[in-house]
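Trainee: Structure file model25.txt (compact mmCIF, C-alpha atoms (C1' of nucleotides)) right here:
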# COMPACT_ATOMS: atom_id res chain seq x y z
CA MET K 536 -4.33 -88.45 -62.81
CA THR K 537 -7.19 -87.03 -64.81
CA GLU K 538 -9.71 -89.82 -64.45
CA PRO K 539 -11.52 -91.06 -61.38
CA ASP K 540 -9.62 -93.79 -59.64
CA LEU K 541 -10.60 -97.34 -60.43
CA ALA K 542 -10.32 -98.73 -56.96
CA PHE K 543 -13.90 -97.84 -56.14
CA SER K 544 -15.25 -99.14 -59.43
CA THR K 545 -15.48 -102.54 -61.03
CA HIS K 546 -12.99 -103.05 -63.79
CA ASP K 547 -11.03 -105.63 -65.72
CA HIS K 548 -8.56 -106.36 -63.00
CA ALA K 549 -6.43 -108.90 -64.85
CA HIS K 550 -5.93 -106.38 -67.57
CA CYS K 551 -5.09 -103.53 -65.22
CA SER K 552 -2.57 -105.69 -63.36
CA HIS K 553 -0.85 -106.75 -66.53
CA ASP K 554 -0.81 -103.25 -67.83
CA LEU K 555 0.56 -101.78 -64.63
CA LEU K 556 3.23 -104.44 -64.42
CA ALA K 557 4.39 -103.64 -67.92
CA ARG K 558 4.47 -99.95 -67.13
CA ALA K 559 6.36 -100.68 -63.95
CA GLU K 560 9.06 -102.51 -65.86
CA ALA K 561 9.34 -99.59 -68.23
CA VAL K 562 9.55 -97.10 -65.39
CA ALA K 563 12.18 -99.12 -63.55
CA GLU K 564 14.29 -99.67 -66.62
CA ALA K 565 14.06 -96.01 -67.58
CA GLN K 566 15.58 -95.15 -64.21
CA GLY K 567 18.34 -97.71 -64.46
CA ALA K 568 16.87 -99.71 -61.60
CA ARG K 569 17.09 -103.48 -61.55
CA PHE K 570 13.69 -105.05 -61.60
CA THR K 571 14.74 -108.34 -60.04
CA PRO K 572 12.52 -111.40 -59.47
CA VAL K 573 11.77 -110.63 -55.81
CA ARG K 574 10.94 -107.04 -56.56
CA ARG K 575 8.80 -107.98 -59.48
CA ARG K 576 7.04 -110.66 -57.49
CA VAL K 577 6.29 -108.24 -54.66
CA LEU K 578 4.74 -105.81 -57.09
CA GLU K 579 2.72 -108.65 -58.61
CA ILE K 580 1.50 -109.65 -55.17
CA LEU K 581 0.40 -106.11 -54.43
CA LEU K 582 -1.29 -105.83 -57.80
CA GLU K 583 -3.05 -109.17 -57.42
CA ALA K 584 -4.30 -108.28 -53.97
CA HIS K 585 -5.43 -104.93 -55.24
CA ARG K 586 -5.46 -103.57 -51.73
CA ALA K 587 -3.06 -102.39 -49.07
CA MET K 588 -0.99 -105.22 -47.57
CA GLY K 589 1.22 -105.35 -44.52
CA ALA K 590 4.88 -106.16 -45.09
CA TYR K 591 4.51 -109.44 -43.23
CA GLU K 592 1.58 -110.47 -45.33
CA VAL K 593 3.69 -109.93 -48.42
CA LEU K 594 6.53 -111.77 -46.75
CA ASP K 595 4.34 -114.80 -46.08
CA ARG K 596 3.58 -115.10 -49.76
CA LEU K 597 7.21 -114.69 -50.72
CA ALA K 598 8.24 -117.33 -48.23
CA ALA K 599 5.59 -119.72 -49.55
CA GLU K 600 7.08 -119.32 -53.00
CA GLY K 601 10.65 -120.08 -51.99
CA TYR K 602 11.97 -116.58 -51.47
CA GLY K 603 13.52 -115.42 -48.22
CA LYS K 604 11.49 -115.83 -45.06
CA GLN K 605 12.82 -112.87 -43.09
CA PRO K 606 11.33 -109.38 -42.80
CA PRO K 607 14.13 -107.49 -44.53
CA VAL K 608 13.44 -109.38 -47.74
CA ALA K 609 9.96 -107.92 -47.92
CA TYR K 610 10.88 -104.52 -46.55
CA ARG K 611 13.71 -104.03 -49.00
CA ALA K 612 11.63 -104.92 -52.01
CA LEU K 613 8.81 -102.70 -50.80
CA GLU K 614 11.20 -99.86 -50.15
CA PHE K 615 12.56 -100.22 -53.66
CA LEU K 616 9.08 -100.11 -55.17
CA VAL K 617 8.17 -97.06 -53.12
CA GLU K 618 11.36 -95.28 -54.17
CA GLN K 619 10.63 -96.00 -57.80
CA GLY K 620 7.11 -94.73 -57.42
CA LEU K 621 5.69 -98.16 -58.21
CA ALA K 622 4.09 -98.62 -54.82
CA HIS K 623 3.07 -96.45 -51.92
CA ARG K 624 3.22 -96.69 -48.21
CA VAL K 625 -0.08 -96.10 -46.46
CA ARG K 626 0.99 -94.91 -43.04
CA ARG K 627 -2.41 -95.01 -41.46
CA LEU K 628 -2.53 -98.75 -42.11
CA ASN K 629 1.18 -99.53 -41.75
CA ALA K 630 0.79 -101.10 -45.13
CA PHE K 631 1.78 -100.90 -48.77
CA ALA K 632 -0.19 -100.72 -51.99
CA ALA K 633 0.76 -100.89 -55.65
CA CYS K 634 0.65 -97.55 -57.35
CA THR K 635 -2.25 -97.38 -59.74
CA HIS K 636 -0.82 -94.46 -61.67
CA PRO K 637 2.91 -95.09 -62.11
CA GLY K 638 4.76 -92.29 -63.77
CA GLU K 639 2.11 -89.72 -62.94
CA ASP K 640 1.47 -87.84 -59.73
CA HIS K 641 3.89 -89.57 -57.41
CA ALA K 642 2.64 -88.25 -54.13
CA PRO K 643 -1.04 -89.00 -54.23
CA ALA K 644 -3.52 -88.71 -51.43
CA PHE K 645 -5.09 -91.91 -50.15
CA LEU K 646 -8.72 -92.50 -49.42
CA ILE K 647 -9.11 -95.34 -46.96
CA CYS K 648 -12.49 -96.92 -46.36
CA ARG K 649 -12.83 -97.73 -42.67
CA ALA K 650 -15.52 -100.31 -43.41
CA CYS K 651 -14.07 -102.44 -46.20
CA GLY K 652 -10.43 -101.39 -46.07
CA ALA K 653 -10.28 -100.40 -49.73
CA VAL K 654 -7.69 -97.81 -50.58
CA ALA K 655 -7.90 -95.46 -53.54
CA GLU K 656 -5.50 -92.88 -54.81
CA ALA K 657 -6.81 -89.37 -55.28
CA PRO K 658 -5.11 -86.45 -56.95
CA ALA K 659 -3.13 -84.54 -54.35
CA LEU K 660 -1.79 -81.62 -56.29
CA ALA K 661 -4.35 -79.17 -54.94
CA PRO K 662 -4.12 -80.25 -51.28
CA ARG K 663 -0.36 -80.24 -51.55
CA ALA K 664 -0.31 -76.76 -52.97
CA ALA K 665 -2.57 -75.60 -50.17
CA LEU K 666 -0.29 -77.23 -47.63
CA GLU K 667 2.75 -75.56 -49.11
CA ALA K 668 0.94 -72.25 -48.95
CA ALA K 669 0.29 -72.91 -45.27
CA ALA K 670 3.88 -73.93 -44.58
CA ALA K 671 5.60 -71.12 -46.44
CA PRO K 672 4.76 -68.37 -43.92
CA LEU K 673 6.37 -70.53 -41.22
CA GLY K 674 9.55 -70.79 -43.25
CA PHE K 675 9.17 -74.54 -43.55
CA VAL K 676 10.44 -76.23 -46.72
CA ILE K 677 8.34 -79.26 -47.64
CA GLU K 678 10.14 -82.20 -49.20
CA ARG K 679 7.62 -85.00 -48.98
CA CYS K 680 4.14 -85.24 -47.67
CA THR K 681 1.59 -87.72 -46.51
CA ILE K 682 -2.06 -87.01 -47.16
CA GLU K 683 -4.49 -89.70 -46.11
CA ALA K 684 -8.20 -89.64 -45.46
CA LEU K 685 -10.27 -92.12 -43.51
CA GLY K 686 -13.93 -92.44 -44.32
CA LEU K 687 -16.44 -94.42 -46.31
CA CYS K 688 -16.14 -95.51 -49.91
CA PRO K 689 -19.23 -95.14 -52.13
CA THR K 690 -20.28 -98.76 -51.64
CA CYS K 691 -19.98 -98.82 -47.86
CA SER K 692 -21.48 -95.38 -47.62
CA ALA K 693 -24.55 -96.58 -49.49
CA ALA K 694 -24.74 -99.70 -47.34
CA ALA K 695 -24.60 -97.62 -44.17
CA THR K 696 -27.38 -95.36 -45.35
CA GLU K 697 -29.49 -98.36 -46.26
CA ALA K 698 -28.97 -100.05 -42.93
CA ALA K 699 -29.86 -96.93 -40.94
CA PRO K 700 -31.80 -94.67 -43.24
CA CYS K 701 -33.14 -92.48 -40.46
CA THR K 702 -29.95 -91.54 -38.70
CA MET E 846 -5.20 -70.94 -35.88
CA THR E 847 -4.64 -67.40 -37.07
CA GLU E 848 -1.04 -66.84 -36.00
CA PRO E 849 2.12 -68.56 -37.14
CA ASP E 850 2.90 -71.57 -35.03
CA LEU E 851 5.34 -71.07 -32.18
CA ALA E 852 7.19 -74.31 -32.53
CA PHE E 853 9.68 -72.85 -34.96
CA SER E 854 10.22 -69.70 -32.91
CA THR E 855 11.70 -68.98 -29.52
CA HIS E 856 9.10 -68.21 -26.90
CA ASP E 857 8.35 -68.25 -23.20
CA HIS E 858 7.90 -71.96 -22.93
CA ALA E 859 7.00 -72.15 -19.24
CA HIS E 860 4.23 -69.72 -19.87
CA CYS E 861 2.90 -71.50 -22.93
CA SER E 862 2.87 -74.84 -21.10
CA HIS E 863 1.01 -73.41 -18.16
CA ASP E 864 -1.43 -71.65 -20.39
CA LEU E 865 -2.08 -74.71 -22.53
CA LEU E 866 -2.54 -76.91 -19.49
CA ALA E 867 -5.13 -74.54 -18.11
CA ARG E 868 -6.94 -74.47 -21.43
CA ALA E 869 -6.77 -78.24 -21.60
CA GLU E 870 -8.49 -78.53 -18.25
CA ALA E 871 -11.18 -76.19 -19.41
CA VAL E 872 -11.66 -78.10 -22.66
CA ALA E 873 -11.82 -81.44 -20.87
CA GLU E 874 -14.23 -80.23 -18.25
CA ALA E 875 -16.42 -78.57 -20.85
CA GLN E 876 -16.79 -81.96 -22.51
CA GLY E 877 -17.56 -83.76 -19.28
CA ALA E 878 -14.32 -85.69 -19.51
CA ARG E 879 -12.38 -86.65 -16.42
CA PHE E 880 -8.98 -85.07 -16.39
CA THR E 881 -7.35 -87.57 -14.04
CA PRO E 882 -3.80 -87.44 -12.64
CA VAL E 883 -2.31 -89.84 -15.20
CA ARG E 884 -3.94 -88.05 -18.08
CA ARG E 885 -2.93 -84.69 -16.78
CA ARG E 886 0.61 -85.86 -16.19
CA VAL E 887 0.88 -87.26 -19.71
CA LEU E 888 -0.21 -83.95 -21.14
CA GLU E 889 2.30 -82.18 -18.91
CA ILE E 890 5.03 -84.50 -20.12
CA LEU E 891 4.19 -83.77 -23.73
CA LEU E 892 4.04 -80.06 -23.04
CA GLU E 893 7.34 -80.07 -21.17
CA ALA E 894 9.05 -82.01 -23.93
CA HIS E 895 7.57 -79.66 -26.50
CA ARG E 896 8.13 -82.20 -29.20
CA ALA E 897 6.69 -85.45 -30.47
CA MET E 898 7.28 -88.37 -28.10
CA GLY E 899 6.83 -92.09 -28.55
CA ALA E 900 4.34 -93.81 -26.27
CA TYR E 901 7.11 -95.78 -24.60
CA GLU E 902 9.07 -92.66 -23.91
CA VAL E 903 6.05 -91.21 -22.16
CA LEU E 904 5.58 -94.49 -20.37
CA ASP E 905 9.13 -94.44 -19.03
CA ARG E 906 8.49 -91.10 -17.41
CA LEU E 907 5.21 -92.25 -15.95
CA ALA E 908 6.83 -95.36 -14.55
CA ALA E 909 9.64 -93.31 -13.01
CA GLU E 910 7.02 -91.26 -11.21
CA GLY E 911 5.16 -94.20 -9.73
CA TYR E 912 2.44 -94.65 -12.31
CA GLY E 913 1.83 -97.90 -14.14
CA LYS E 914 4.74 -99.41 -16.02
CA GLN E 915 2.83 -101.15 -18.80
CA PRO E 916 2.16 -99.86 -22.32
CA PRO E 917 -1.64 -99.62 -22.00
CA VAL E 918 -1.27 -97.02 -19.27
CA ALA E 919 0.45 -94.66 -21.67
CA TYR E 920 -1.59 -95.59 -24.70
CA ARG E 921 -4.90 -95.09 -22.92
CA ALA E 922 -3.96 -91.68 -21.61
CA LEU E 923 -2.65 -90.66 -25.01
CA GLU E 924 -5.77 -91.94 -26.71
CA PHE E 925 -7.88 -89.91 -24.31
CA LEU E 926 -5.90 -86.76 -25.02
CA VAL E 927 -6.15 -87.29 -28.76
CA GLU E 928 -9.90 -87.87 -28.53
CA GLN E 929 -10.31 -84.66 -26.57
CA GLY E 930 -8.23 -82.77 -29.09
CA LEU E 931 -5.58 -82.03 -26.47
CA ALA E 932 -2.87 -83.99 -28.23
CA HIS E 933 -2.23 -85.33 -31.69
CA ARG E 934 -0.82 -88.45 -33.14
CA VAL E 935 1.97 -87.93 -35.64
CA ARG E 936 1.79 -91.03 -37.77
CA ARG E 937 4.98 -90.45 -39.67
CA LEU E 938 6.88 -90.61 -36.38
CA ASN E 939 4.68 -93.11 -34.56
CA ALA E 940 4.58 -90.48 -31.89
CA PHE E 941 2.37 -88.06 -30.02
CA ALA E 942 2.55 -84.32 -29.43
CA ALA E 943 0.58 -81.93 -27.27
CA CYS E 944 -1.84 -79.83 -29.22
CA THR E 945 -0.64 -76.25 -29.34
CA HIS E 946 -4.06 -74.90 -30.26
CA PRO E 947 -6.65 -76.73 -28.18
CA GLY E 948 -10.20 -75.85 -29.00
CA GLU E 949 -9.32 -74.53 -32.43
CA ASP E 950 -8.69 -76.39 -35.66
CA HIS E 951 -8.70 -79.97 -34.43
CA ALA E 952 -7.26 -81.64 -37.48
CA PRO E 953 -4.15 -79.66 -38.18
CA ALA E 954 -1.40 -80.48 -40.61
CA PHE E 955 2.03 -81.31 -39.19
CA LEU E 956 5.33 -80.01 -40.40
CA ILE E 957 8.10 -82.35 -39.38
CA CYS E 958 11.72 -81.30 -39.62
CA ARG E 959 13.79 -84.26 -40.78
CA ALA E 960 16.95 -82.69 -39.37
CA CYS E 961 16.01 -81.68 -35.83
CA GLY E 962 12.77 -83.57 -35.39
CA ALA E 963 10.74 -80.50 -34.46
CA VAL E 964 7.05 -80.72 -35.20
CA ALA E 965 4.81 -77.75 -35.81
CA GLU E 966 1.12 -77.51 -36.44
CA ALA E 967 -0.01 -75.69 -39.53
CA PRO E 968 -3.51 -74.67 -40.50
CA ALA E 969 -5.09 -77.47 -42.48
CA LEU E 970 -8.42 -76.04 -43.45
CA ALA E 971 -7.36 -75.22 -47.00
CA PRO E 972 -5.59 -78.52 -47.72
CA ARG E 973 -8.49 -80.39 -46.21
CA ALA E 974 -10.98 -78.56 -48.35
CA ALA E 975 -8.88 -79.34 -51.41
CA LEU E 976 -8.76 -82.99 -50.41
CA GLU E 977 -12.50 -83.12 -49.97
CA ALA E 978 -12.91 -81.57 -53.38
CA ALA E 979 -10.70 -84.32 -54.78
CA ALA E 980 -12.57 -87.07 -52.94
CA ALA E 981 -16.09 -85.94 -53.72
CA PRO E 982 -16.06 -86.97 -57.41
CA LEU E 983 -15.06 -90.46 -56.31
CA GLY E 984 -18.03 -90.65 -53.98
CA PHE E 985 -15.79 -90.96 -50.96
CA VAL E 986 -16.97 -89.46 -47.68
CA ILE E 987 -14.08 -88.17 -45.59
CA GLU E 988 -14.37 -88.50 -41.83
CA ARG E 989 -10.85 -87.86 -40.60
CA CYS E 990 -7.65 -87.05 -42.30
CA THR E 991 -3.94 -87.08 -41.77
CA ILE E 992 -1.85 -84.39 -43.39
CA GLU E 993 1.84 -84.44 -42.60
CA ALA E 994 4.80 -82.89 -44.34
CA LEU E 995 8.44 -83.85 -43.99
CA GLY E 996 11.06 -81.24 -44.72
CA LEU E 997 13.30 -78.66 -43.13
CA CYS E 998 12.34 -76.13 -40.50
CA PRO E 999 13.61 -72.56 -40.92
CA THR E 1000 16.58 -73.11 -38.60
CA CYS E 1001 17.79 -76.33 -40.18
CA SER E 1002 17.10 -75.00 -43.63
CA ALA E 1003 19.36 -72.02 -42.94
CA ALA E 1004 22.03 -74.30 -41.46
CA ALA E 1005 21.95 -76.52 -44.54
CA THR E 1006 22.35 -73.54 -46.86
CA GLU E 1007 25.26 -72.27 -44.80
CA ALA E 1008 27.04 -75.61 -44.79
CA ALA E 1009 26.67 -76.08 -48.53
CA PRO E 1010 25.99 -72.68 -50.02
CA CYS E 1011 26.69 -73.73 -53.59
CA THR E 1012 24.44 -76.73 -53.93
C1' DT V 336 40.74 -113.17 -62.88
C1' DC V 337 39.82 -110.33 -59.55
C1' DA V 338 37.88 -106.27 -57.47
C1' DT V 339 33.70 -103.84 -56.84
C1' DG V 340 29.15 -103.02 -56.06
C1' DT V 341 24.47 -104.54 -55.73
C1' DA V 342 21.12 -107.75 -54.28
C1' DT V 343 19.54 -111.49 -51.43
C1' DG V 344 19.40 -113.98 -47.36
C1' DT V 345 19.97 -114.85 -42.28
C1' DT V 346 20.08 -113.95 -37.18
C1' DA V 347 18.83 -111.11 -33.78
C1' DT V 348 16.71 -107.39 -31.72
C1' DA V 349 14.29 -103.04 -31.22
C1' DG V 350 10.13 -100.53 -31.26
C1' DC V 351 5.03 -99.99 -31.52
C1' DA V 352 0.40 -101.49 -30.11
C1' DT V 353 -3.47 -104.04 -28.18
C1' DA V 354 -6.29 -108.04 -26.17
C1' DA V 355 -7.87 -109.81 -21.96
C1' DC V 356 -8.41 -109.77 -17.32
C1' DA V 357 -8.00 -107.95 -12.23
C1' DG V 358 -8.48 -104.58 -8.86
C1' DT V 359 -9.91 -99.90 -7.28
C1' DG V 360 -12.67 -96.14 -6.26
C1' DC V 361 -16.42 -93.10 -7.05
C1' DA V 362 -21.31 -92.01 -7.64
C1' DA V 363 -26.32 -92.97 -8.36
C1' DG V 364 -30.16 -95.24 -6.76
C1' DC V 365 -32.29 -98.31 -3.37
C1' DG R 893 -25.74 -97.17 4.65
C1' DC R 894 -25.33 -100.32 1.13
C1' DT R 895 -24.79 -102.18 -3.29
C1' DT R 896 -24.75 -101.89 -8.01
C1' DG R 897 -22.72 -100.11 -11.96
C1' DC R 898 -19.25 -97.83 -14.32
C1' DA R 899 -15.05 -95.57 -15.48
C1' DC R 900 -10.27 -95.67 -14.57
C1' DT R 901 -5.91 -97.79 -13.52
C1' DG R 902 -3.00 -101.53 -13.50
C1' DT R 903 -1.15 -106.17 -14.90
C1' DT R 904 0.15 -110.18 -17.89
C1' DA R 905 0.80 -111.67 -22.19
C1' DT R 906 1.14 -111.38 -26.90
C1' DG R 907 1.24 -109.78 -31.64
C1' DC R 908 2.58 -106.73 -35.20
C1' DT R 909 5.95 -103.53 -37.41
C1' DA R 910 10.63 -102.42 -38.54
C1' DT R 911 15.67 -102.34 -38.78
C1' DA R 912 20.70 -103.29 -37.49
C1' DA R 913 24.39 -106.22 -38.52
C1' DC R 914 26.44 -109.66 -40.83
C1' DA R 915 26.96 -113.52 -44.51
C1' DT R 916 26.42 -115.07 -49.11
C1' DA R 917 25.69 -114.90 -54.09
C1' DC R 918 26.04 -112.89 -58.36
C1' DA R 919 26.88 -109.71 -62.06
C1' DT R 920 29.90 -106.15 -64.24
C1' DG R 921 33.88 -104.16 -65.77
C1' DA R 922 38.98 -103.27 -65.13
Taking this structure as input, can you express it in the form of structure tokens?
Mentor:
Amino acid sequence: MTEPDLAFSTHDHAHCSHDLLARAEAVAEAQGARFTPVRRRVLEILLEAHRAMGAYEVLDRLAAEGYGKQPPVAYRALEFLVEQGLAHRVRRLNAFAACTHPGEDHAPAFLICRACGAVAEAPALAPRAALEAAAAPLGFVIERCTIEALGLCPTCSAAATEAAPCT
Amino acid sequence: MTEPDLAFSTHDHAHCSHDLLARAEAVAEAQGARFTPVRRRVLEILLEAHRAMGAYEVLDRLAAEGYGKQPPVAYRALEFLVEQGLAHRVRRLNAFAACTHPGEDHAPAFLICRACGAVAEAPALAPRAALEAAAAPLGFVIERCTIEALGLCPTCSAAATEAAPCT
DNA sequence: TCATGTATGTTATAGCATAACAGTGCAAGC
DNA sequence: GCTTGCACTGTTATGCTATAACATACATGA
């Protein structure tokens, strides 16, 4: 993750979706995982939405397209994608988002805009290292970590300043 | 937060509870907040448990003691405590824990043992600074953040090594 | 072909959280 | 004193999130 994340910028979304989907297939196949229709469709849904979605929201779309109507159908596909590093769980939102950097830094930090709900991935190597440095003296061995920030994205931040320039 | 957290060490728990409760009252009063019986009792419950508790678990205890039996009773008291920095929400566990360092670093990181469920607070200033450094180039303004690590506490880590010394 | 394992699908239920409204009690101002 | 306002507690009701347990389908390889 060497470039600024795209989620807070305009970009050719159709292209990025297609590209990410192709990379996802490659990643899954490389790991011997079966990229079945439901799983693929769930990733597509997340990519199309280009935002964090609740499991039930994903499920509604699946159901509308003839897939299973029950929660486990969505949860299992989402769990698979998360395990493969193709999607992430955003705990603060109880939601899931397609990974925008598959194959790279697989434990990113999330920046969540409280105004518009946009979620961007940010590089988390440095915060994670700092956290490990803080945990080591306590004898704690870190296996996974969740780093999420709530705040304002550039757009909403600008809008807020505009609306109340004197505060 | 200048000393190692106590949660992974043995200590005089009755004393630490009493001490923390007294400090909590001071903190609440200093902020003009009303430290009512329910709120106080919820904090006591969290302190006595000395671990993360679900809202319903807290509620059960409240109900057993003659307080309200409905979820909002617990959620409101917990929300109050979190706002005052007297307790924290551990998102990974959908649970709440008494703050062990009231008045100090109010956005700590949490170290969650996946084996025994213990939760400790760790200093988060450094990870937070690193996260802000990562967010700044994206134009994102951080307001609050969640930093949680899952892993093994010293005790469980040692136990795991003992049980399978060759892996 | 048949056994095995993986994936999908269903039913049912558990667990987490909040909206909306009612009653209570305290405190400030008349 | 009274009443007006406000914060707190409590209730009913509901919605959202998540998983356990079991049934079915389907591919792969012995």
Trainee: Counting only C-alpha atoms, figure out which residue out of E:Ser854, E:Leu888, E:Gly930, E:Ala859 gets nearest to chain K.
Mentor: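 Checking each candidate against chain K, we get E:Ser854 as the closest.
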Trainee: Go through R:DT904, R:DA915, R:DG897, R:DA922 one by one, measure the shortest atom-to-atom distance of each to DA354 in chain V using only C-alpha atoms (C1' of nucleotides), and give the residue with the smallest value.
Mentor: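 Using only C-alpha atoms (C1' of nucleotides), the shortest distance to DA354 in chain V belongs to R:DT904.
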Trainee: Need the neighbours of (16.5, -105.8, -31.3): which residues are at most 10 Å away, counting all atoms listed in the file, as number ranges by chain?
Mentor: V: 347-350; R: 910-912
Trainee: Please compute the C1' of DC914 in chain R-CA of Phe615 in chain K distance, one decimal, in Å.
Mentor: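 Separating C1' of DC914 in chain R from CA of Phe615 in chain K is a distance of 21.1 Å.
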Trainee: Pull out every residue of chain K that has at least one atom within 10 Å of chain R, counting all atoms listed in the file, and report them as a compact mmCIF listing (two decimals) with C-alpha atoms, in the coordinates of the input.
Mentor:
# COMPACT_ATOMS: atom_id res chain seq x y z
CA GLY K 589 1.22 -105.35 -44.52
CA ALA K 590 4.88 -106.16 -45.09
CA TYR K 591 4.51 -109.44 -43.23
CA PRO K 606 11.33 -109.38 -42.80
CA PRO K 607 14.13 -107.49 -44.53
CA TYR K 610 10.88 -104.52 -46.55
CA ASN K 629 1.18 -99.53 -41.75
CA ALA K 630 0.79 -101.10 -45.13
Trainee: Please determine the contact residues of chain K with respect to chain V at a cut-off of 12 Å, counting all atoms listed in the file, and supply them as a list in words.
Mentor: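 Output check: Ala568, Arg569, Phe570, Thr571, Pro572, Val573, Arg574, Ala598, Gly601, Tyr602, Gly603, Lys604, Gln605, Pro606, Pro607, Val608, Ala609, Arg611, Ala612, Phe615 and Asn629 of chain K.
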Trainee: Keeping only C-alpha atoms, write the selected residues as a JSON list (two decimals), in the frame of the given file.
Mentor:
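Result went into again-v9.json, see below:
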[["chain", "number", "residue", "atom", "x", "y", "z"],
["K", 568, "ALA", "CA", 16.87, -99.71, -61.60],
["K", 569, "ARG", "CA", 17.09, -103.48, -61.55],
["K", 570, "PHE", "CA", 13.69, -105.05, -61.60],
["K", 571, "THR", "CA", 14.74, -108.34, -60.04],
["K", 572, "PRO", "CA", 12.52, -111.40, -59.47],
["K", 573, "VAL", "CA", 11.77, -110.63, -55.81],
["K", 574, "ARG", "CA", 10.94, -107.04, -56.56],
["K", 598, "ALA", "CA", 8.24, -117.33, -48.23],
["K", 601, "GLY", "CA", 10.65, -120.08, -51.99],
["K", 602, "TYR", "CA", 11.97, -116.58, -51.47],
["K", 603, "GLY", "CA", 13.52, -115.42, -48.22],
["K", 604, "LYS", "CA", 11.49, -115.83, -45.06],
["K", 605, "GLN", "CA", 12.82, -112.87, -43.09],
["K", 606, "PRO", "CA", 11.33, -109.38, -42.80],
["K", 607, "PRO", "CA", 14.13, -107.49, -44.53],
["K", 608, "VAL", "CA", 13.44, -109.38, -47.74],
["K", 609, "ALA", "CA", 9.96, -107.92, -47.92],
["K", 611, "ARG", "CA", 13.71, -104.03, -49.00],
["K", 612, "ALA", "CA", 11.63, -104.92, -52.01],
["K", 615, "PHE", "CA", 12.56, -100.22, -53.66],
["K", 629, "ASN", "CA", 1.18, -99.53, -41.75]]
Trainee: Please work out which residues fall within 9 Å of (-3.0, -104.9, -58.1), coordinates as given in the file, with all atoms listed in the file counting, and return them as an MDAnalysis selection string.
Mentor: chainID K and resid 548:549 551:553 555:556 578:586 632:635
Trainee: Provide the CA of Gly962 in chain E to CA of Cys998 in chain E distance in Å, to one decimal place.
Mentor: 9.0 Å
Trainee: Kindly give the distance, in Å, that separates CA of Pro953 in chain E and CA of Val903 in chain E, rounded to a single decimal.
Mentor: 22.2 Å
Trainee: Using all atoms listed in the file, which of the listed residues (E:Leu931, E:Ala965, E:Leu983, E:Ala974) sits closest to Ser692 in chain K?
Mentor: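 When distances to Ser692 in chain K are compared using all atoms listed in the file, the smallest one comes from E:Leu983.
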Trainee: Quick one: which residues from chain K are at most 10 Å off chain E, using only C-alpha atoms, as a count of residues only?
Mentor: 56
